[in-house]
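The next block is run_9.csv, given as CSV, C-alpha atoms.
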```csv
chain,number,residue,atom,x,y,z
A,1027,MET,CA,72.8,99.3,84.3
A,1028,ARG,CA,75.8,97.2,85.5
A,1029,THR,CA,79.1,99.0,85.8
A,1030,PHE,CA,82.7,97.9,85.6
A,1031,VAL,CA,85.7,99.9,86.7
A,1032,GLU,CA,89.1,98.7,85.4
A,1033,ILE,CA,92.3,100.2,86.8
A,1034,GLY,CA,95.4,99.5,84.7
A,1035,SER,CA,93.8,98.2,81.6
A,1036,CYS,CA,96.7,98.4,79.2
A,1037,ASP,CA,95.6,97.5,75.7
A,1038,PHE,CA,94.8,93.9,76.1
A,1039,ASP,CA,93.0,91.6,78.7
A,1040,THR,CA,90.5,94.4,79.3
A,1041,LEU,CA,86.9,94.3,80.5
A,1042,ASN,CA,85.9,96.4,77.5
A,1043,TYR,CA,84.0,93.5,76.1
A,1044,LEU,CA,81.4,93.9,78.9
A,1045,SER,CA,80.2,97.0,77.1
A,1046,ASP,CA,78.9,94.8,74.3
A,1047,LYS,CA,76.7,93.1,77.0
A,1048,GLY,CA,75.2,96.5,77.9
A,1049,TRP,CA,77.5,97.4,80.8
A,1050,ARG,CA,78.7,100.9,81.6
A,1051,GLY,CA,82.5,101.0,81.9
A,1052,ILE,CA,85.2,103.2,83.3
A,1053,ILE,CA,88.7,102.2,82.0
A,1054,VAL,CA,91.6,104.0,83.7
A,1055,GLU,CA,95.0,103.6,82.0
A,1056,PRO,CA,97.9,106.0,82.7
A,1057,ILE,CA,99.9,105.3,79.5
A,1058,LYS,CA,98.2,107.1,76.7
A,1059,LYS,CA,99.6,104.8,73.9
A,1060,TYR,CA,98.0,101.8,75.6
A,1061,LEU,CA,94.8,103.6,76.2
A,1062,ASP,CA,94.6,104.7,72.6
A,1063,ASN,CA,94.9,101.1,71.4
A,1064,ILE,CA,91.7,100.0,73.2
A,1065,PRO,CA,88.7,99.8,70.8
A,1066,GLN,CA,86.3,102.7,71.8
A,1067,LYS,CA,82.8,101.7,72.9
A,1068,PRO,CA,80.0,104.3,73.4
A,1069,ASN,CA,79.1,103.3,76.9
A,1070,VAL,CA,82.7,103.3,78.3
A,1071,GLN,CA,84.7,106.2,79.6
A,1072,TYR,CA,88.4,106.0,78.8
A,1073,LEU,CA,90.5,108.0,81.3
A,1074,ASN,CA,94.2,108.7,80.9
A,1075,TYR,CA,95.1,108.6,84.6
A,1076,ALA,CA,96.8,106.5,87.2
A,1077,ILE,CA,94.9,105.9,90.4
A,1078,ASP,CA,97.0,107.0,93.4
A,1079,VAL,CA,96.6,108.3,96.9
A,1080,THR,CA,96.7,112.0,95.7
A,1081,ASN,CA,95.8,113.9,92.6
A,1082,GLY,CA,98.6,115.4,90.5
A,1083,THR,CA,101.4,114.0,88.5
A,1084,ARG,CA,103.9,111.2,89.2
A,1085,GLU,CA,106.8,109.4,87.5
A,1086,MET,CA,106.0,105.9,86.3
A,1087,LYS,CA,108.4,103.3,84.8
A,1088,ILE,CA,107.5,101.6,81.6
A,1089,ALA,CA,109.0,99.0,79.2
A,1090,SER,CA,110.6,100.5,76.1
A,1091,ASP,CA,109.0,100.1,72.7
A,1092,GLU,CA,112.1,98.3,71.6
A,1093,LEU,CA,111.8,95.7,74.4
A,1094,VAL,CA,108.1,95.2,73.7
A,1095,ALA,CA,108.8,94.6,70.0
A,1096,SER,CA,111.2,91.8,70.9
A,1097,ASP,CA,109.3,90.4,73.9
A,1098,TYR,CA,105.5,90.9,73.8
A,1099,THR,CA,105.2,89.7,77.4
A,1100,LYS,CA,106.5,93.1,78.4
A,1101,SER,CA,103.7,94.9,76.6
A,1102,GLY,CA,101.8,97.1,78.9
A,1103,MET,CA,104.3,96.8,81.7
A,1104,SER,CA,104.3,100.0,83.8
A,1105,SER,CA,104.6,100.6,87.5
A,1106,PHE,CA,105.1,103.1,90.3
A,1107,VAL,CA,106.8,100.6,92.5
A,1108,ARG,CA,107.7,97.4,90.8
A,1109,GLU,CA,111.5,96.7,90.5
A,1110,ASP,CA,111.9,95.2,87.1
A,1111,ASP,CA,115.0,95.5,84.8
A,1112,SER,CA,112.6,95.7,81.8
A,1113,LEU,CA,111.0,99.0,83.1
A,1114,THR,CA,113.7,101.3,81.8
A,1115,GLU,CA,111.8,104.4,80.6
A,1116,SER,CA,110.2,107.0,82.8
A,1117,VAL,CA,107.0,108.9,81.9
A,1118,LEU,CA,105.1,111.5,83.9
A,1119,VAL,CA,101.5,110.5,84.4
A,1120,ASN,CA,98.4,112.3,85.7
A,1121,THR,CA,97.1,110.8,89.0
A,1122,ILE,CA,93.6,110.8,90.5
A,1123,THR,CA,92.3,109.3,93.8
A,1124,PHE,CA,89.5,106.7,93.9
A,1125,ASP,CA,87.2,109.2,95.6
A,1126,ASP,CA,87.7,111.8,92.9
A,1127,LEU,CA,87.3,109.2,90.1
A,1128,ILE,CA,84.0,108.0,91.7
A,1129,SER,CA,82.8,111.6,91.9
A,1130,PHE,CA,84.1,112.7,88.5
A,1131,CYS,CA,82.4,109.7,86.8
A,1132,GLY,CA,79.2,109.8,88.8
A,1133,ILE,CA,79.7,106.2,90.0
A,1134,THR,CA,77.0,105.0,92.4
A,1135,GLN,CA,77.6,101.3,92.1
A,1136,ILE,CA,80.4,99.0,90.9
A,1137,ASP,CA,79.5,95.5,89.8
A,1138,TYR,CA,83.0,94.5,88.8
A,1139,LEU,CA,86.2,96.2,90.0
A,1140,LYS,CA,89.4,95.1,88.3
A,1141,ILE,CA,92.8,96.3,89.5
A,1142,ASP,CA,96.1,95.3,87.8
A,1143,VAL,CA,98.8,97.8,88.5
A,1144,GLU,CA,102.0,95.8,88.8
A,1145,GLY,CA,102.7,95.8,92.5
A,1146,TYR,CA,100.8,98.9,93.5
A,1147,ASP,CA,97.5,97.0,93.9
A,1148,TRP,CA,97.7,96.7,97.7
A,1149,VAL,CA,98.1,100.4,98.1
A,1150,LEU,CA,95.0,101.0,95.9
A,1151,ILE,CA,92.9,98.4,97.8
A,1152,LYS,CA,93.9,100.0,101.1
A,1153,ASN,CA,92.8,103.4,99.8
A,1154,PHE,CA,89.6,102.3,98.1
A,1155,PRO,CA,86.6,104.0,99.7
A,1156,PHE,CA,84.8,100.9,100.9
A,1157,ASP,CA,82.8,103.1,103.3
A,1158,LYS,CA,81.1,104.7,100.3
A,1159,ILE,CA,80.8,101.9,97.8
A,1160,LYS,CA,81.1,98.1,97.9
A,1161,PRO,CA,81.9,96.6,94.5
A,1162,ALA,CA,79.9,93.4,94.0
A,1163,PHE,CA,83.0,91.6,92.6
A,1164,ILE,CA,86.7,92.5,92.8
A,1165,GLN,CA,89.6,91.1,90.8
A,1166,VAL,CA,93.0,92.3,91.9
A,1167,GLU,CA,96.4,91.1,90.9
A,1168,TRP,CA,98.5,89.9,93.8
A,1169,GLU,CA,101.5,88.2,92.3
A,1170,HIS,CA,103.9,91.1,93.1
A,1171,ILE,CA,102.7,91.6,96.7
A,1172,ASP,CA,101.7,89.8,99.9
A,1173,SER,CA,98.4,88.1,99.0
A,1174,GLU,CA,97.6,87.0,102.6
A,1175,GLU,CA,97.6,90.5,104.0
A,1176,MET,CA,95.5,91.9,101.1
A,1177,SER,CA,93.1,88.9,101.3
A,1178,ARG,CA,92.5,89.4,105.0
A,1179,TYR,CA,91.9,93.1,104.4
A,1180,ILE,CA,89.4,92.5,101.6
A,1181,ALA,CA,87.6,89.9,103.7
A,1182,SER,CA,87.4,92.4,106.6
A,1183,GLN,CA,85.4,94.6,104.2
A,1184,GLY,CA,82.6,92.0,103.9
A,1185,TYR,CA,84.0,89.8,101.0
A,1186,HIS,CA,84.4,86.1,100.4
A,1187,VAL,CA,87.9,85.8,99.0
A,1188,ASN,CA,89.5,83.2,96.7
A,1189,TYR,CA,92.7,83.4,94.7
A,1190,ASP,CA,94.7,81.7,92.0
A,1191,ARG,CA,98.4,82.0,91.2
A,1192,THR,CA,98.1,85.7,90.0
A,1193,ASP,CA,94.8,87.2,91.1
A,1194,ILE,CA,92.5,87.6,94.1
A,1195,TYR,CA,88.7,87.2,93.4
A,1196,ALA,CA,86.3,88.6,96.0
A,1197,TYR,CA,82.5,88.5,96.1
A,1198,TYR,CA,80.7,90.9,98.4
A,1199,THR,CA,78.6,89.0,100.9
A,1200,GLY,CA,77.4,92.0,103.0
```
I need this file expressed as structure tokens, please.
Amino acid sequence: MRTFVEIGSCDFDTLNYLSDKGWRGIIVEPIKKYLDNIPQKPNVQYLNYAIDVTNGTREMKIASDELVASDYTKSGMSSFVREDDSLTESVLVNTITFDDLISFCGITQIDYLKIDVEGYDWVLIKNFPFDKIKPAFIQVEWEHIDSEEMSRYIASQGYHVNYDRTDIYAYYTG
């Protein structure tokens, strides 16, 4: 069974639709109100966590409901690191490492890894356990960070890398 892992899913633009094609899914979203808005599929695990370098809790900034109501483009905005005047509210979120997520979910393969965490993407890629598992395809947002450095790192892990104006796309070539 093909498996996707989506980090920072929010409540839109999610890979949840792959479950309709028979994929197993792991969706990780730290903001519960966004996670609760994703339609539930039987072959998808929905986890209310943020992936981080340690397990525990951490403060995250989010856009207020009032701002989202007046500007939908701010919907789903949350970050550990991104400096953005629209991220005015703080929430405490539970964190889990990639290693513990993989162990907890019994993941033995990842066919599609998607990371969209508003500027924390590079930290997560650097801390992904490539020595244990090589996702077949990676999509990671880069628009808030240095795409060249992250592209070189992903390529050094055995991937062919392309990117557009917001995302890096990487295919494992072994």
| message | Report, in Å to a single decimal, how far apart CA of Gly1051 (chain A) and CA of Phe1124 (chain A) are. | response | 15.0 Å
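Across the model, the gap from CA of Val1117 (chain A) to CA of Phe1154 (chain A) is 24.7 Å.
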Could you list, as an mmCIF file with C-alpha atoms, in the coordinates of the input, every residue within 10 Å of Leu1150 (chain A), counting all atoms listed in the file and ignoring same-chain residues fewer than 6 positions away?
```
data_model
loop_
_atom_site.group_PDB
_atom_site.id
_atom_site.type_symbol
_atom_site.label_atom_id
_atom_site.label_comp_id
_atom_site.auth_asym_id
_atom_site.auth_seq_id
_atom_site.Cartn_x
_atom_site.Cartn_y
_atom_site.Cartn_z
ATOM 1 C CA ILE A 1033 92.300 100.200 86.800
ATOM 2 C CA ILE A 1077 94.900 105.900 90.400
ATOM 3 C CA ASP A 1078 97.000 107.000 93.400
ATOM 4 C CA VAL A 1079 96.600 108.300 96.900
ATOM 5 C CA THR A 1123 92.300 109.300 93.800
ATOM 6 C CA PHE A 1124 89.500 106.700 93.900
ATOM 7 C CA ILE A 1141 92.800 96.300 89.500
ATOM 8 C CA ASP A 1142 96.100 95.300 87.800
ATOM 9 C CA VAL A 1143 98.800 97.800 88.500
ATOM 10 C CA VAL A 1166 93.000 92.300 91.900
#
```
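Among the candidates A:Ala1076, A:Ile1088, A:Ala1181, A:Ile1159, the residue lying nearest to Ile1122 (chain A) is A:Ala1076 (atoms considered: all atoms listed in the file).
The smallest atom-to-atom distance between Lys1047 (chain A) and any of A:Lys1087, A:Lys1158, A:Lys1100, A:Lys1067, using all atoms listed in the file, is found for A:Lys1067.
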| Local residues around (77.8, 94.1, 91.9), at most 8 Å away, using all atoms listed in the file, as a PyMOL selection string | chain A and resi 1028-1029+1135-1138+1160-1163+1198
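Nearest to Glu1085 (chain A) of all the residues A:Gly1200, A:Gly1132, A:Pro1056, A:Gly1034 is A:Pro1056, based on only C-alpha atoms.
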| message | Need to verify the contact set: Gly1082 (chain A), 7 Å, all atoms listed in the file, exclusion of same-chain residues closer than 2 positions in sequence. Can you return it as a ChimeraX atom specification? | response | /A:1080,1084,1120-1122
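CA of Lys1058 (chain A) is positioned 13.5 Å from CA of Asp1091 (chain A).
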| task | Please work out which residues fall within 9 Å of (88.6, 107.3, 77.6), coordinates as given in the file, with all atoms listed in the file counting, and return them as a PyMOL selection string. | result | chain A and resi 1052-1055+1061-1062+1066+1070-1074
| Do you know which residues are at most 8 Å from Ile1151 (chain A) counting all atoms listed in the file, after dropping those on the same chain fewer than 3 positions away, and could you put them as a ChimeraX atom specification? | /A:1147-1148,1154,1176,1180
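With distances restricted to only C-alpha atoms, A:Ser1090 is the closest residue to Leu1113 (chain A) from A:Thr1099, A:Thr1134, A:Ser1090, A:Thr1199.
Among A:Glu1092, A:Cys1036, A:Phe1156, A:Phe1030, the residue with the shortest atom-to-atom distance to Thr1114 (chain A), counting only C-alpha atoms, is A:Glu1092.
Here the question is which of A:Leu1127, A:Arg1178, A:Ile1064, A:Asn1188 gets nearest to Asp1039 (chain A) using all atoms listed in the file, and that residue is A:Ile1064.
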